[in-house]
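Colleague: Structure: query.cif, mmCIF, C-alpha atoms and all ligand atoms.
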```cif
data_coords
loop_
_atom_site.label_atom_id
_atom_site.label_comp_id
_atom_site.auth_asym_id
_atom_site.auth_seq_id
_atom_site.Cartn_x
_atom_site.Cartn_y
_atom_site.Cartn_z
CA MET A 149 -34.61 -20.26 -29.61
CA SER A 150 -31.59 -19.61 -31.82
CA SER A 151 -28.09 -20.70 -30.87
CA SER A 152 -26.32 -18.02 -28.84
CA ASP A 153 -22.76 -16.77 -29.19
CA ASP A 154 -21.83 -18.03 -25.71
CA PHE A 155 -23.12 -21.49 -26.51
CA ASP A 156 -21.45 -21.55 -29.93
CA ALA A 157 -18.09 -20.76 -28.27
CA LEU A 158 -18.16 -24.08 -26.39
CA ALA A 159 -16.43 -27.14 -27.87
CA PRO A 160 -18.62 -29.64 -29.78
CA ALA A 161 -18.38 -32.29 -27.03
CA THR A 162 -19.73 -29.83 -24.47
CA ARG A 163 -22.44 -28.53 -26.79
CA GLY A 164 -23.56 -32.11 -27.47
CA VAL A 165 -24.13 -32.65 -23.74
CA LEU A 166 -25.87 -29.32 -23.04
CA ALA A 167 -27.96 -28.77 -26.18
CA GLY A 168 -31.72 -28.59 -25.74
CA ARG A 169 -31.59 -29.02 -21.96
CA THR A 170 -33.20 -25.70 -21.19
CA PRO A 171 -35.32 -25.51 -18.03
CA GLU A 172 -38.39 -25.04 -20.22
CA TRP A 173 -38.20 -28.71 -21.22
CA THR A 174 -36.50 -30.27 -18.21
CA GLY A 175 -38.08 -28.42 -15.34
CA THR A 176 -41.19 -28.80 -13.28
CA PRO A 177 -43.13 -25.79 -12.02
CA GLY A 178 -41.03 -24.08 -9.38
CA HIS A 179 -38.05 -26.36 -10.08
CA PRO A 180 -36.39 -25.29 -13.29
CA GLY A 181 -33.98 -27.91 -14.62
CA ALA A 182 -35.26 -30.58 -12.23
CA VAL A 183 -34.53 -33.54 -14.55
CA VAL A 184 -31.74 -34.28 -17.02
CA ASN A 185 -33.94 -35.48 -19.85
CA PRO A 186 -37.33 -34.12 -20.89
CA ALA A 187 -40.20 -36.52 -20.26
CA VAL A 188 -41.75 -38.40 -23.17
CA TRP A 189 -44.77 -36.23 -23.59
CA ARG A 190 -47.31 -38.03 -25.73
CA ALA A 191 -49.70 -36.24 -28.03
CA SER A 192 -53.00 -35.48 -26.42
CA THR A 193 -55.85 -33.04 -26.78
CA HIS A 194 -54.87 -29.76 -25.20
CA LEU A 195 -57.52 -28.21 -23.01
CA TYR A 196 -58.12 -24.55 -22.30
CA PRO A 197 -59.44 -23.57 -18.89
CA ASP A 198 -62.07 -21.27 -20.38
CA MET A 199 -63.10 -19.44 -23.51
CA ALA A 200 -61.06 -16.39 -22.62
CA ALA A 201 -57.90 -18.53 -22.57
CA LEU A 202 -58.83 -20.15 -25.90
CA ARG A 203 -59.43 -16.77 -27.50
CA ALA A 204 -56.22 -15.35 -25.99
CA HIS A 205 -54.11 -18.24 -27.28
CA PRO A 206 -51.17 -16.79 -29.22
CA ALA A 207 -51.05 -17.27 -32.94
CA ASN A 208 -48.87 -19.98 -34.45
CA VAL A 209 -45.70 -19.64 -32.36
CA ASP A 210 -43.17 -22.21 -31.12
CA GLY A 211 -43.44 -23.77 -27.70
CA ASN A 212 -47.16 -23.36 -27.11
CA PHE A 213 -49.59 -26.20 -26.64
CA TYR A 214 -52.25 -26.00 -29.28
CA TYR A 215 -52.84 -29.32 -31.01
CA GLY A 216 -50.91 -32.62 -30.99
CA ARG A 217 -49.60 -32.17 -34.52
CA ARG A 218 -47.60 -29.14 -33.42
CA GLY A 219 -45.64 -31.39 -31.05
CA GLY A 220 -44.90 -31.09 -27.35
CA PRO A 221 -41.92 -30.60 -25.05
CA THR A 222 -40.07 -33.77 -26.14
CA GLN A 223 -40.04 -32.82 -29.82
CA TRP A 224 -39.38 -29.18 -28.96
CA ALA A 225 -36.35 -30.14 -26.85
CA LEU A 226 -34.88 -32.16 -29.74
CA ALA A 227 -35.50 -29.37 -32.25
CA GLU A 228 -33.97 -26.89 -29.83
CA ALA A 229 -30.91 -29.13 -29.32
CA LEU A 230 -30.34 -29.47 -33.08
CA THR A 231 -30.73 -25.70 -33.51
CA GLN A 232 -28.13 -25.07 -30.81
CA LEU A 233 -25.71 -27.46 -32.52
CA GLU A 234 -26.00 -25.64 -35.86
CA PRO A 235 -24.32 -22.22 -35.57
CA GLY A 236 -26.44 -19.57 -37.28
CA ALA A 237 -29.70 -21.52 -37.06
CA ALA A 238 -32.87 -19.84 -35.81
CA GLY A 239 -34.84 -23.07 -35.70
CA THR A 240 -35.11 -26.72 -36.73
CA VAL A 241 -38.05 -28.60 -38.24
CA LEU A 242 -38.32 -32.35 -37.55
CA TYR A 243 -39.58 -34.82 -40.18
CA PRO A 244 -40.40 -38.53 -39.93
CA SER A 245 -37.31 -39.47 -42.03
CA GLY A 246 -34.36 -37.94 -43.81
CA VAL A 247 -36.11 -38.31 -47.16
CA ALA A 248 -39.19 -36.59 -45.72
CA ALA A 249 -36.92 -33.73 -44.62
CA ILE A 250 -35.47 -33.35 -48.13
CA ALA A 251 -38.95 -33.49 -49.67
CA GLY A 252 -40.32 -31.05 -47.08
CA VAL A 253 -37.53 -28.57 -47.85
CA MET A 254 -37.96 -28.93 -51.61
CA LEU A 255 -41.70 -28.35 -51.39
CA ALA A 256 -41.08 -25.23 -49.29
CA VAL A 257 -38.46 -23.76 -51.64
CA LEU A 258 -39.58 -24.73 -55.16
CA ARG A 259 -42.58 -23.74 -57.28
CA PRO A 260 -43.80 -25.07 -60.64
CA GLY A 261 -41.52 -23.87 -63.43
CA ASP A 262 -38.43 -23.69 -61.19
CA VAL A 263 -35.22 -25.57 -61.90
CA LEU A 264 -33.39 -27.45 -59.13
CA LEU A 265 -29.67 -28.19 -59.52
CA MET A 266 -28.50 -31.33 -57.80
CA THR A 267 -24.99 -32.64 -57.22
CA ASP A 268 -24.36 -35.76 -59.31
CA ASN A 269 -23.29 -37.77 -56.25
CA ALA A 270 -26.52 -37.13 -54.32
CA TYR A 271 -28.21 -39.86 -52.32
CA GLU A 272 -30.20 -41.92 -54.82
CA PRO A 273 -33.65 -41.25 -53.24
CA SER A 274 -32.87 -37.51 -53.65
CA ARG A 275 -32.21 -38.14 -57.33
CA ALA A 276 -35.42 -40.15 -57.55
CA MET A 277 -37.25 -37.18 -55.99
CA GLY A 278 -36.01 -35.02 -58.87
CA ARG A 279 -37.15 -37.56 -61.47
CA GLY A 280 -40.46 -38.26 -59.74
CA LEU A 281 -42.12 -36.10 -57.07
CA LEU A 282 -40.59 -32.79 -58.18
CA LYS A 283 -41.15 -33.50 -61.87
CA ASP A 284 -44.81 -34.25 -61.13
CA PHE A 285 -45.07 -30.82 -59.48
CA GLY A 286 -43.59 -29.05 -62.49
CA VAL A 287 -40.01 -28.67 -61.23
CA GLU A 288 -37.13 -29.60 -63.50
CA THR A 289 -33.97 -31.11 -61.97
CA ARG A 290 -30.54 -30.84 -63.58
CA TRP A 291 -27.41 -32.53 -62.30
CA PHE A 292 -23.88 -31.14 -62.13
CA ASP A 293 -20.38 -32.51 -61.52
CA PRO A 294 -19.87 -32.35 -57.73
CA THR A 295 -16.25 -31.24 -57.95
CA SER A 296 -16.64 -28.58 -60.64
CA LEU A 297 -17.77 -25.01 -60.02
CA ALA A 298 -17.78 -24.53 -63.81
CA SER A 299 -20.20 -27.44 -64.20
CA PHE A 300 -22.49 -25.86 -61.58
CA GLU A 301 -22.31 -22.47 -63.30
CA ALA A 302 -22.96 -24.00 -66.72
CA ALA A 303 -26.07 -25.73 -65.36
CA CYS A 304 -27.53 -22.49 -63.94
CA CYS A 305 -30.28 -20.74 -65.85
CA PRO A 306 -32.68 -17.88 -65.06
CA ARG A 307 -35.23 -20.40 -63.75
CA THR A 308 -32.80 -22.00 -61.29
CA LYS A 309 -34.26 -21.57 -57.82
CA ALA A 310 -32.29 -23.93 -55.61
CA VAL A 311 -29.27 -26.22 -55.44
CA LEU A 312 -29.03 -29.43 -53.43
CA LEU A 313 -25.49 -30.17 -52.26
CA GLU A 314 -24.28 -33.28 -50.48
CA CYS A 315 -20.81 -33.28 -49.01
CA PRO A 316 -19.16 -35.75 -49.13
CA GLY A 317 -21.55 -37.27 -51.66
CA SER A 318 -23.12 -40.69 -51.29
CA LEU A 319 -21.10 -43.73 -52.47
CA THR A 320 -18.19 -41.90 -54.14
CA MET A 321 -17.46 -39.43 -51.33
CA GLU A 322 -16.33 -36.40 -53.37
CA VAL A 323 -16.00 -33.36 -51.14
CA GLN A 324 -17.61 -30.27 -52.62
CA ASP A 325 -16.20 -26.77 -52.29
CA VAL A 326 -19.27 -25.65 -50.34
CA PRO A 327 -18.18 -22.02 -49.73
CA ALA A 328 -17.43 -21.52 -53.45
CA LEU A 329 -20.67 -23.18 -54.58
CA THR A 330 -22.87 -21.35 -52.08
CA ALA A 331 -21.22 -18.01 -52.98
CA ALA A 332 -21.89 -18.66 -56.67
CA ALA A 333 -25.47 -19.64 -55.82
CA LYS A 334 -26.03 -16.56 -53.66
CA ALA A 335 -24.76 -14.27 -56.42
CA ARG A 336 -27.53 -15.65 -58.64
CA GLY A 337 -30.27 -15.60 -56.00
CA ILE A 338 -30.24 -19.40 -55.79
CA VAL A 339 -31.15 -21.03 -52.45
CA SER A 340 -28.55 -23.58 -51.30
CA VAL A 341 -29.60 -26.68 -49.43
CA LEU A 342 -27.05 -29.13 -48.00
CA ASP A 343 -27.64 -32.77 -47.12
CA ASN A 344 -25.26 -32.78 -44.14
CA THR A 345 -25.95 -36.34 -42.98
CA TRP A 346 -22.32 -37.52 -43.34
CA ALA A 347 -20.55 -34.98 -41.12
CA SER A 348 -23.55 -33.80 -39.05
CA SER A 349 -23.50 -30.27 -37.69
CA LEU A 350 -20.68 -31.33 -35.33
CA GLY A 351 -18.34 -32.07 -38.25
CA PHE A 352 -19.46 -29.41 -40.71
CA ALA A 353 -21.13 -26.13 -39.82
CA GLY A 354 -23.24 -25.75 -42.95
CA LEU A 355 -24.89 -22.39 -42.35
CA SER A 356 -21.49 -20.87 -41.48
CA HIS A 357 -20.24 -22.01 -44.88
CA GLY A 358 -22.95 -20.15 -46.79
CA VAL A 359 -25.67 -22.80 -46.90
CA ASP A 360 -29.26 -21.53 -46.46
CA ILE A 361 -30.82 -24.77 -45.21
CA THR A 362 -29.01 -27.81 -43.75
CA VAL A 363 -30.72 -31.20 -43.76
CA MET A 364 -29.77 -34.32 -41.80
CA SER A 365 -31.03 -37.85 -41.72
CA LEU A 366 -31.05 -38.29 -37.94
CA THR A 367 -31.55 -42.00 -38.67
CA LYS A 368 -27.77 -42.24 -39.11
CA HIS A 369 -25.44 -40.54 -36.60
CA VAL A 370 -27.92 -38.96 -34.20
CA SER A 371 -29.80 -42.20 -33.58
CA GLY A 372 -26.49 -44.08 -33.80
CA HIS A 373 -28.09 -47.35 -32.74
CA SER A 374 -29.98 -48.46 -35.86
CA ASP A 375 -33.30 -48.36 -34.06
CA CYS A 376 -35.10 -45.18 -35.06
CA MET A 377 -35.75 -42.93 -38.09
CA MET A 378 -36.11 -39.17 -38.39
CA GLY A 379 -34.92 -36.17 -40.39
CA SER A 380 -34.31 -32.50 -39.69
CA ALA A 381 -33.86 -29.18 -41.46
CA SER A 382 -32.21 -26.19 -39.78
CA ALA A 383 -32.08 -22.64 -41.11
CA GLY A 384 -31.92 -18.95 -40.28
CA ALA A 385 -35.07 -17.08 -39.29
CA GLU A 386 -36.58 -16.49 -42.72
CA TRP A 387 -36.22 -20.02 -44.10
CA TYR A 388 -37.06 -21.59 -40.76
CA ARG A 389 -40.41 -19.77 -40.79
CA LYS A 390 -41.20 -21.00 -44.31
CA LEU A 391 -40.06 -24.58 -43.65
CA ARG A 392 -42.13 -24.73 -40.49
CA LEU A 393 -45.29 -23.51 -42.22
CA ARG A 394 -44.85 -25.95 -45.11
CA ALA A 395 -44.22 -28.84 -42.71
CA GLN A 396 -47.40 -27.89 -40.83
CA GLY A 397 -49.28 -27.76 -44.12
CA LEU A 398 -48.05 -31.23 -44.97
CA GLY A 399 -49.17 -32.51 -41.57
CA ASN A 400 -45.67 -33.53 -40.44
CA VAL A 401 -45.24 -34.68 -36.86
CA VAL A 402 -42.70 -37.02 -35.24
CA SER A 403 -43.35 -39.38 -32.38
CA PRO A 404 -42.29 -38.18 -28.92
CA ASP A 405 -40.81 -41.65 -28.23
CA ASP A 406 -38.59 -41.33 -31.27
CA ALA A 407 -37.65 -37.77 -30.29
CA ALA A 408 -36.53 -39.07 -26.88
CA MET A 409 -34.47 -41.79 -28.61
CA MET A 410 -32.81 -39.14 -30.78
CA LEU A 411 -32.03 -36.97 -27.76
CA ARG A 412 -30.41 -39.98 -26.11
CA GLY A 413 -28.34 -40.71 -29.23
CA LEU A 414 -27.31 -37.08 -29.53
CA ARG A 415 -25.54 -37.15 -26.15
CA THR A 416 -22.98 -39.72 -27.30
CA MET A 417 -22.76 -38.67 -30.94
CA LYS A 418 -19.44 -36.83 -30.64
CA LEU A 419 -17.79 -39.80 -28.91
CA ARG A 420 -19.14 -42.24 -31.48
CA LEU A 421 -18.15 -40.06 -34.41
CA ASP A 422 -14.61 -39.63 -33.07
CA ALA A 423 -14.21 -43.37 -32.48
CA GLU A 424 -15.64 -44.26 -35.89
CA THR A 425 -13.48 -41.66 -37.61
CA ALA A 426 -10.27 -42.97 -36.03
CA SER A 427 -11.17 -46.58 -36.86
CA ALA A 428 -12.26 -45.73 -40.42
CA LEU A 429 -9.04 -43.85 -41.05
CA ALA A 430 -6.92 -46.79 -39.85
CA ILE A 431 -8.92 -49.20 -42.01
CA ALA A 432 -8.73 -46.86 -45.03
CA GLN A 433 -4.96 -46.65 -44.62
CA TRP A 434 -4.71 -50.42 -44.44
CA LEU A 435 -6.89 -50.85 -47.54
CA GLN A 436 -4.76 -48.32 -49.42
CA SER A 437 -1.71 -50.52 -48.82
CA ARG A 438 -3.40 -53.58 -50.31
CA PRO A 439 -2.66 -54.79 -53.85
CA GLU A 440 -6.32 -55.76 -54.41
CA VAL A 441 -7.49 -52.17 -53.93
CA ALA A 442 -7.42 -49.61 -56.77
CA ARG A 443 -8.65 -46.56 -54.89
CA VAL A 444 -9.84 -45.65 -51.40
CA LEU A 445 -12.52 -42.94 -51.38
CA CYS A 446 -12.25 -41.54 -47.88
CA PRO A 447 -12.07 -37.77 -47.30
CA MET A 448 -10.19 -38.22 -44.02
CA LEU A 449 -7.37 -40.14 -45.74
CA PRO A 450 -4.39 -38.03 -46.83
CA GLY A 451 -4.02 -38.32 -50.60
CA SER A 452 -7.65 -39.34 -51.09
CA PRO A 453 -9.78 -37.13 -53.39
CA GLY A 454 -11.25 -34.19 -51.49
CA HIS A 455 -8.92 -34.54 -48.50
CA ASP A 456 -7.65 -30.95 -48.79
CA LEU A 457 -11.18 -29.49 -48.82
CA TRP A 458 -12.13 -31.74 -45.92
CA LEU A 459 -9.15 -30.48 -43.91
CA ARG A 460 -10.02 -26.87 -44.74
CA ASP A 461 -13.76 -26.95 -43.99
CA PHE A 462 -14.58 -29.85 -41.67
CA THR A 463 -14.04 -30.32 -37.94
CA GLY A 464 -14.78 -34.04 -37.95
CA GLY A 465 -15.41 -37.16 -39.97
CA CYS A 466 -17.34 -40.39 -39.57
CA GLY A 467 -17.11 -44.09 -40.28
CA LEU A 468 -18.57 -44.06 -43.79
CA PHE A 469 -16.27 -44.44 -46.80
CA SER A 470 -15.84 -46.51 -49.96
CA PHE A 471 -13.07 -48.33 -51.81
CA VAL A 472 -12.75 -49.69 -55.33
CA LEU A 473 -11.31 -53.08 -56.16
CA LYS A 474 -8.63 -53.52 -58.82
CA GLY A 475 -10.48 -55.20 -61.68
CA GLY A 476 -12.52 -58.29 -60.88
CA THR A 477 -16.21 -58.83 -61.43
CA SER A 478 -19.48 -58.26 -59.66
CA ALA A 479 -19.56 -61.94 -58.69
CA ALA A 480 -16.09 -61.74 -57.15
CA ARG A 481 -17.16 -58.70 -55.15
CA ASP A 482 -20.29 -60.56 -53.97
CA ALA A 483 -18.00 -63.37 -52.76
CA LEU A 484 -15.89 -60.83 -50.85
CA ILE A 485 -18.89 -59.29 -49.11
CA ASP A 486 -20.37 -62.71 -48.34
CA ALA A 487 -17.04 -63.71 -46.76
CA LEU A 488 -17.20 -60.88 -44.22
CA GLY A 489 -18.19 -62.08 -40.76
CA LEU A 490 -18.32 -58.88 -38.70
CA PHE A 491 -19.83 -56.58 -41.34
CA GLY A 492 -23.55 -56.79 -41.88
CA ILE A 493 -24.93 -56.48 -45.42
CA GLY A 494 -27.48 -53.70 -45.32
CA TYR A 495 -28.36 -50.19 -46.37
CA SER A 496 -28.41 -47.35 -43.89
CA TRP A 497 -25.29 -46.58 -41.83
CA GLY A 498 -24.03 -44.64 -38.83
CA GLY A 499 -25.02 -47.31 -36.31
CA PHE A 500 -22.76 -49.02 -33.75
CA GLU A 501 -22.41 -52.03 -36.07
CA SER A 502 -20.26 -52.16 -39.19
CA LEU A 503 -21.89 -52.62 -42.59
CA ALA A 504 -20.76 -53.31 -46.16
CA THR A 505 -22.71 -52.68 -49.38
CA PRO A 506 -21.75 -52.80 -53.06
CA VAL A 507 -21.18 -49.50 -54.87
CA ASP A 508 -22.05 -49.22 -58.56
CA PRO A 509 -22.20 -45.53 -59.45
CA ALA A 510 -21.95 -45.90 -63.26
CA PRO A 511 -25.67 -46.38 -64.01
CA ILE A 512 -26.68 -43.64 -61.54
CA ARG A 513 -24.47 -40.74 -62.67
CA THR A 514 -25.42 -38.37 -65.44
CA ALA A 515 -23.04 -35.40 -65.09
CA SER A 516 -19.68 -36.85 -64.03
CA ALA A 517 -17.45 -39.78 -64.95
CA TRP A 518 -17.09 -43.18 -63.33
CA PRO A 519 -14.54 -44.68 -62.91
CA LEU A 520 -13.04 -41.44 -61.58
CA ALA A 521 -10.14 -39.76 -63.36
CA GLY A 522 -6.94 -41.74 -62.93
CA MET A 523 -8.70 -45.09 -62.47
CA GLU A 524 -8.55 -47.92 -65.01
CA PRO A 525 -11.80 -48.66 -66.92
CA SER A 526 -11.76 -52.12 -65.34
CA ASP A 527 -11.75 -50.64 -61.80
CA GLN A 528 -15.53 -50.67 -61.55
CA PHE A 529 -16.51 -52.54 -58.45
CA GLY A 530 -16.72 -50.60 -55.24
CA ILE A 531 -17.68 -51.40 -51.68
CA ARG A 532 -19.01 -48.92 -49.14
CA LEU A 533 -18.14 -49.55 -45.51
CA SER A 534 -19.85 -48.05 -42.50
CA ILE A 535 -17.36 -48.54 -39.68
CA GLY A 536 -19.03 -49.05 -36.33
CA LEU A 537 -17.69 -49.42 -32.81
CA GLU A 538 -16.09 -52.87 -33.05
CA ASP A 539 -12.35 -53.20 -32.47
CA THR A 540 -10.38 -51.90 -35.46
CA ALA A 541 -7.99 -54.86 -35.59
CA ASP A 542 -10.91 -57.31 -35.63
CA LEU A 543 -12.45 -55.45 -38.57
CA ILE A 544 -9.13 -55.44 -40.45
CA ALA A 545 -8.72 -59.17 -39.88
CA ASP A 546 -12.23 -59.70 -41.24
CA LEU A 547 -11.47 -57.63 -44.35
CA ASP A 548 -8.13 -59.43 -44.77
CA GLY A 549 -9.88 -62.80 -44.91
CA ALA A 550 -12.51 -61.49 -47.33
CA LEU A 551 -9.88 -59.99 -49.65
CA ALA A 552 -8.19 -63.41 -49.75
CA VAL A 553 -11.51 -64.92 -50.84
CA TRP A 554 -11.80 -62.23 -53.53
CA ALA A 555 -8.23 -62.86 -54.78
CA ALA A 556 -8.87 -66.60 -54.97
CA HIS A 557 -12.16 -66.14 -56.85
CA GLY A 558 -12.10 -67.56 -60.38
CA ASP A 559 -12.70 -64.07 -61.83
CA CYS A 560 -9.65 -62.59 -60.11
CA ALA A 561 -7.08 -65.34 -59.70
C1 LIG B 601 -29.94 -42.27 -45.37
C2 LIG B 601 -29.75 -40.96 -46.03
C3 LIG B 601 -30.82 -40.11 -46.21
C4 LIG B 601 -32.25 -40.50 -45.91
O1 LIG B 601 -32.49 -40.71 -44.60
P1 LIG B 601 -33.72 -41.62 -44.07
O2 LIG B 601 -33.83 -41.20 -42.67
O3 LIG B 601 -33.31 -43.04 -44.28
O4 LIG B 601 -34.92 -41.26 -44.90
C5 LIG B 601 -30.59 -38.88 -46.78
N1 LIG B 601 -29.35 -38.52 -47.16
C6 LIG B 601 -28.28 -39.32 -46.99
C7 LIG B 601 -26.95 -38.84 -47.42
C8 LIG B 601 -28.45 -40.57 -46.43
O5 LIG B 601 -27.40 -41.40 -46.32
#
```
What does this structure look like when you write it as structure tokens?
Modeller:
Amino acid sequence: MSSSDDFDALAPATRGVLAGRTPEWTGTPGHPGAVVNPAVWRASTHLYPDMAALRAHPANVDGNFYYGRRGGPTQWALAEALTQLEPGAAGTVLYPSGVAAIAGVMLAVLRPGDVLLMTDNAYEPSRAMGRGLLKDFGVETRWFDPTSLASFEAACCPRTKAVLLECPGSLTMEVQDVPALTAAAKARGIVSVLDNTWASSLGFAGLSHGVDITVMSLTKHVSGHSDCMMGSASAGAEWYRKLRLRAQGLGNVVSPDDAAMMLRGLRTMKLRLDAETASALAIAQWLQSRPEVARVLCPMLPGSPGHDLWLRDFTGGCGLFSFVLKGGTSAARDALIDALGLFGIGYSWGGFESLATPVDPAPIRTASAWPLAGMEPSDQFGIRLSIGLEDTADLIADLDGALAVWAAHGDCA
């Protein structure tokens, strides 16, 4: 079920339409490929016609009915589609959320006494996993500066088993040199795991850049409609086998309804990502021209930190980026966000609707500086935007009005 060379040669838009639609999942007996989408195949007890069939049932292999927890055609079609979209993948394991995917991978890779290295700009629940779940299971987590190979190398020790990368990282959007980091990891026998939620496999081919296991929160771009949660991990044959067994051991299963929702979202993901990227870039450029803004943290924006690496390694972007206000206070920033009419205030991202949330990295980071180099100490207060599918000019007008509220706030005026 791995992605084939012929399929990989197709452009991302075409792969997004075709992925996972093999006759095995969309056919009826005698009519291969009879429907466009696989049916929603609910979990049920699987019956064997007789004892001989039960005894002859193949061992634990993909695509065989056995027991509801192993999934059915709807989940298999989604896993197959995600595998086909990740060049170099032999298989994909589905998890009930992105965090469950990260935890499932960590519990498959790490053993008591191991050390995990984690990029300092990782998603906060990943950091919390290092401080909590993994610590409780005897794994030590150490953090390193996302933009420094030397910081990664200095953090390595003989007990280091795995590294968790995230690129661009949450909130501050630094782009990591993934090929350099994974090469350094490989030389030391360290397993590299990438949280690839931001770019998705359409925008960044993780396994092709040396990563061993790529993880996505499907909740974001694949769903795309803020109505469904799921996570995935894709890998080559050896890691796929181990991830799958660990996920089975943990009793993971995703709902076939949600799998069908994700397959639906997947078909339009490329279009949505392209539209969000273009809109986000225009908005980032506009913000960069504003006197109230100290720094725009958007990998797609020329001149922004990490832009060169993004150009070198990525084939796409998305609508998620941050910016930092020039001075001000937390209260002034709250007033700005409250003044927005089109942006919702909420966590999560990657949906059709635009969102804004405050960004305060200082108390979270342990291995790298905030404010970033070149920023004034007073440039503390950031805002993360998830640009959705609204009209770009409407979003800019909304931000323009909110920046005026910020500038007139007693703490800024
Ligand atoms: C949201 C998010 C996750 C977690 O995904 P859930 O599906 O919400 O559990 C993981 N990594 C990143 C970078 C995210 O933004």
Colleague: Taking (-10.0, -57.5, -39.0) in the file's coordinates, which residues come within 12 Å, counting only C-alpha atoms, written as an mmCIF file with C-alpha atoms, keeping the file's coordinate frame?
Modeller:
```cif
data_model
loop_
_atom_site.group_PDB
_atom_site.id
_atom_site.type_symbol
_atom_site.label_atom_id
_atom_site.label_comp_id
_atom_site.auth_asym_id
_atom_site.auth_seq_id
_atom_site.Cartn_x
_atom_site.Cartn_y
_atom_site.Cartn_z
ATOM 1 C CA SER A 427 -11.170 -46.580 -36.860
ATOM 2 C CA ALA A 430 -6.920 -46.790 -39.850
ATOM 3 C CA ILE A 431 -8.920 -49.200 -42.010
ATOM 4 C CA TRP A 434 -4.710 -50.420 -44.440
ATOM 5 C CA LEU A 435 -6.890 -50.850 -47.540
ATOM 6 C CA LEU A 488 -17.200 -60.880 -44.220
ATOM 7 C CA GLY A 489 -18.190 -62.080 -40.760
ATOM 8 C CA LEU A 490 -18.320 -58.880 -38.700
ATOM 9 C CA PHE A 491 -19.830 -56.580 -41.340
ATOM 10 C CA SER A 502 -20.260 -52.160 -39.190
ATOM 11 C CA ILE A 535 -17.360 -48.540 -39.680
ATOM 12 C CA GLU A 538 -16.090 -52.870 -33.050
ATOM 13 C CA ASP A 539 -12.350 -53.200 -32.470
ATOM 14 C CA THR A 540 -10.380 -51.900 -35.460
ATOM 15 C CA ALA A 541 -7.990 -54.860 -35.590
ATOM 16 C CA ASP A 542 -10.910 -57.310 -35.630
ATOM 17 C CA LEU A 543 -12.450 -55.450 -38.570
ATOM 18 C CA ILE A 544 -9.130 -55.440 -40.450
ATOM 19 C CA ALA A 545 -8.720 -59.170 -39.880
ATOM 20 C CA ASP A 546 -12.230 -59.700 -41.240
ATOM 21 C CA LEU A 547 -11.470 -57.630 -44.350
ATOM 22 C CA ASP A 548 -8.130 -59.430 -44.770
ATOM 23 C CA GLY A 549 -9.880 -62.800 -44.910
ATOM 24 C CA ALA A 550 -12.510 -61.490 -47.330
ATOM 25 C CA LEU A 551 -9.880 -59.990 -49.650
#
```
Colleague: Using only C-alpha atoms and all ligand atoms, find each residue with an atom at most 7 Å away from ligand LIG 601 (chain B) and format the answer as a list of chain:residue names.
Modeller: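 Based on only C-alpha atoms and all ligand atoms, ligand LIG 601 (chain B) is surrounded within 7 Å by A:Ser245, A:Gly246, A:Val247, A:Ala248, A:Tyr271, A:Glu314, A:Ser318, A:Asp343, A:Thr345, A:Trp346, A:Met364, A:Ser365, A:Leu366, A:Thr367, A:Lys368, A:Met377, A:Met378, A:Gly379, A:Ser496.
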Colleague: If you count all atoms listed in the file, which residues fall within 7 Å of segment 295-297 of chain A, apart from same-chain ones fewer than 4 positions away, as a list in words?
Modeller: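 Counting only the stated atoms, we get Glu301, Glu322, Gln324 and Leu329 of chain A.
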Colleague: Which protein, DNA or RNA residues are at most 6 Å from (-23.8, -23.9, -32.4) in the file's coordinates when you count only C-alpha atoms, listed as a PyMOL selection string?
Modeller: chain A and resi 151+156+232-235
Colleague: Could you check the closest approach to Leu282 of chain A for each of A:Asn269, A:Pro177, A:Glu501, A:Gly252 and tell me which residue wins, using only C-alpha atoms?
Modeller: A:Gly252
Colleague: Report, in Å with one decimal, the straight-line distance from atom CA of Ala552 of chain A to atom CA of Leu484 of chain A.
Modeller: 8.2 Å
